[in-house]
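First comes the structure, then the notes that go with it.
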Amino acid sequence: MISSSDILNARILVVDDQEANVRLLERILSGAGYACIASTMDPHAVCELHRKNRYDLIVLDLQMPGKDGFQVMEGLKDIEKDGYLPVLVITAQPGDKLRALQGGAKDFISKPIELAEVLTRVYNMLEVRLLHMESKNNSKVLEQTVERLKEVERLKQVFLSTVSHELRTPLTSIRGSLGLLASGALGALSDEVVEVVAIAERNAVRLMALINDILDLERLETGKIELQFAQVPIESILRRAMESCATFGQTHGVTVEAPDVSAMIWADDDLIVQVLVNLLSNAVKFSPPGGVVTIGVALRDSWVEFRVTDRGRGVPVAHRRAIFERFRQVETSDAREKGGTGLGLAICKSIIEQHGGMIGVESEEGVGSSFWFRVATALRPVAPRLGRAILVCGDDVERRGFFEEVIRQAGYHSVITVPDADAAWDVLKGGDVAVVLLRGDSELLAPIRKEPAFRAVPVVLFGSPLVVSPEALSDSLVLFLPERVDSRELLVAIRDDLERGRVTAQARHVLLVEDEVTLLDVMARQLSREGIAVRTATTGEEAIRVAEAEPPALMVLDVGLPERDGFDVVGAMRQRPELRGIPVLVYTGRDLTEEQRGRLRLGPTRFLTSSMASDEEFRRLVTELRQIPLACGADAVTRS
């Protein structure tokens, strides 16, 4: 912080061709306590004096013979490379004040000189100047710190690479060799040797687990693991987690119980399974033999809570927050007695936070613990589709009820079920239908295909394709499902069929957003030759307007745009459910930081440096991203 002492000890130069004015200013300043005052009546000497002494403030008269104050300021600009000119001008001409400020002066003193004005303006100018210098010095220190941190990060990456490639391979070999020894495959061993080999094998496994956990946590926190979000049944996640922990539970004599849940969840199922397995493993380890670990699932409108409860020793209050940090365990002996690396809960926390969720623990010492986490529920369809019905037609009441329940649980609120083709035809003629589900032998398919108004309506058929005419089979908007389809297959088929219908209706164009017209023309020609429909925009505002009017299959986006830049474009599209899942190819000459890349992600997102990428690479990425189905209004989280 700048003190009054710092200001009074600042270096001041007084410049005026009138000796009386110089002496007056010197008396005023010295009387106020300023200790470092120099003066000159030669305007030609000012620049050299400042170059040598670097004054904190130059009090400069504007009207001087031979070289006026404006000319002096021009010379000072060549010295002050940082652009800050510490000049306080003196003038009696009102018109000169504005001109001086435009020329770089920071303030002015009016003639005739008044004591209070001089002291106030000098003090304020010096305070600002010293703060500027302090900020400049701090910036240099910060730059040096950033460079050191970059070097530390580089060394860390080298270390992690070494760990990954140079340690895991030999450790795998060591663990395998010890396993062979312990099994007797290389000959009988004495009991003492078997015991020593078992100890070595356990420690090799622990070390491998530690290395894997460190690498997993690092990849999660640096965004090197790309989360693959999808609608997945909770039932499937629970089953996979319990299967992974079955042997471990049997070894410890602990039973794991889970409920029957038919709801869906919007998540990366592999990572959510990893979280559950970690929590279950911990619960089993800290449960007494013969104990029971239970999984609870609570469903809400917008989120679902998983809860893993044990009847173990509990977590002390002082440790409940710390256990989610790296290398933290309740007891220092836990790693030795129970196994584990102290990273499992930190990894769980990172995974759940990247899902936009929360994680925590409730516990009572001596009674048990309940670890919980919350993530978003099933994916909701985009807003425009909520008003369109999904029509289910079939004479099997049980099958129709199953379809309706699954579809509604997935967030498609408008579902109409009818028993026969006549009733379905009446629905089609009377409203806007998004998808039709029919039995393969339904007589409704033929009239749907013949009627121009319904020809593009997506159709999902369940049952045997052998009873369907070749004309219907050749239609790209027909998908087949087995007679007894499960919920996941049904929802995937509906989502894909909705997207196919949108493909036909909107021609699946690519939106090119680039303010350099020549480059925009080149890109448009390249894609047009590939048979890809193109829309273009040269400003950020235009890009948003075009996308809202007709959502593209892919947006190729430059960052530096007039009106609203690429960050604004993505930010605006994130607010629109029908746009937030659009794939993006960020095609720019800028070097982007990770923070900037995060701000540019929409749906599946890739980054391409325009000055380094070949045309072939550009077309390949466009083709690849264009094939990705839209994420139907999901808050998709993707990493490149």
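Order determines the names: the first chain of the structure tokens is A, the second B, and so forth; residues in each chain are numbered 1 upward, and ligands are numbered 1 upward as they are shown.
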
Dump as CSV the rows for residues of segment 242-270 of chain A within 10 Å of segment 288-308 of chain A: closest atom pair and distance in Å with one decimal, only C-alpha atoms counted, ordered by chain and rising residue number.
```
residue,atom,partner,partner_atom,distance
A:Met242,CA,A:Ile295,CA,9.7
A:Gly249,CA,A:Val293,CA,9.3
A:Gln250,CA,A:Gly290,CA,9.7
A:Thr251,CA,A:Pro289,CA,9.5
A:His252,CA,A:Pro289,CA,6.2
A:Gly253,CA,A:Pro289,CA,5.0
A:Val254,CA,A:Gly291,CA,5.0
A:Thr255,CA,A:Val292,CA,4.8
A:Val256,CA,A:Val293,CA,4.7
A:Glu257,CA,A:Thr294,CA,4.7
A:Ala258,CA,A:Ile295,CA,4.8
A:Pro259,CA,A:Gly296,CA,6.8
A:Asp260,CA,A:Val297,CA,9.2
A:Val261,CA,A:Val297,CA,7.7
A:Ala263,CA,A:Leu299,CA,8.2
A:Met264,CA,A:Val304,CA,9.4
A:Ile265,CA,A:Val304,CA,7.7
A:Trp266,CA,A:Trp303,CA,9.3
```

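Shortest separation to Leu391 of chain A among A:Val459, A:Ile79, A:Ala572, A:Leu119 occurs at residue A:Val459, atoms counted being only C-alpha atoms.
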
Backbone DSSP call of strand (DSSP E) for segment 14-67 of chain A, listed as JSON, numbers by chain | {"A": [14, 15, 36, 37, 38, 39, 40, 57, 58, 59, 60, 61]}

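Near Ala10 of chain A, within a cut-off of 9 Å and counting only C-alpha atoms, sit the residues Tyr34, Ala35, Cys36, Ile37, Tyr55, Asp56, Leu57, Leu126 and Leu130 of chain A, with same-chain residues fewer than 6 positions away left out.
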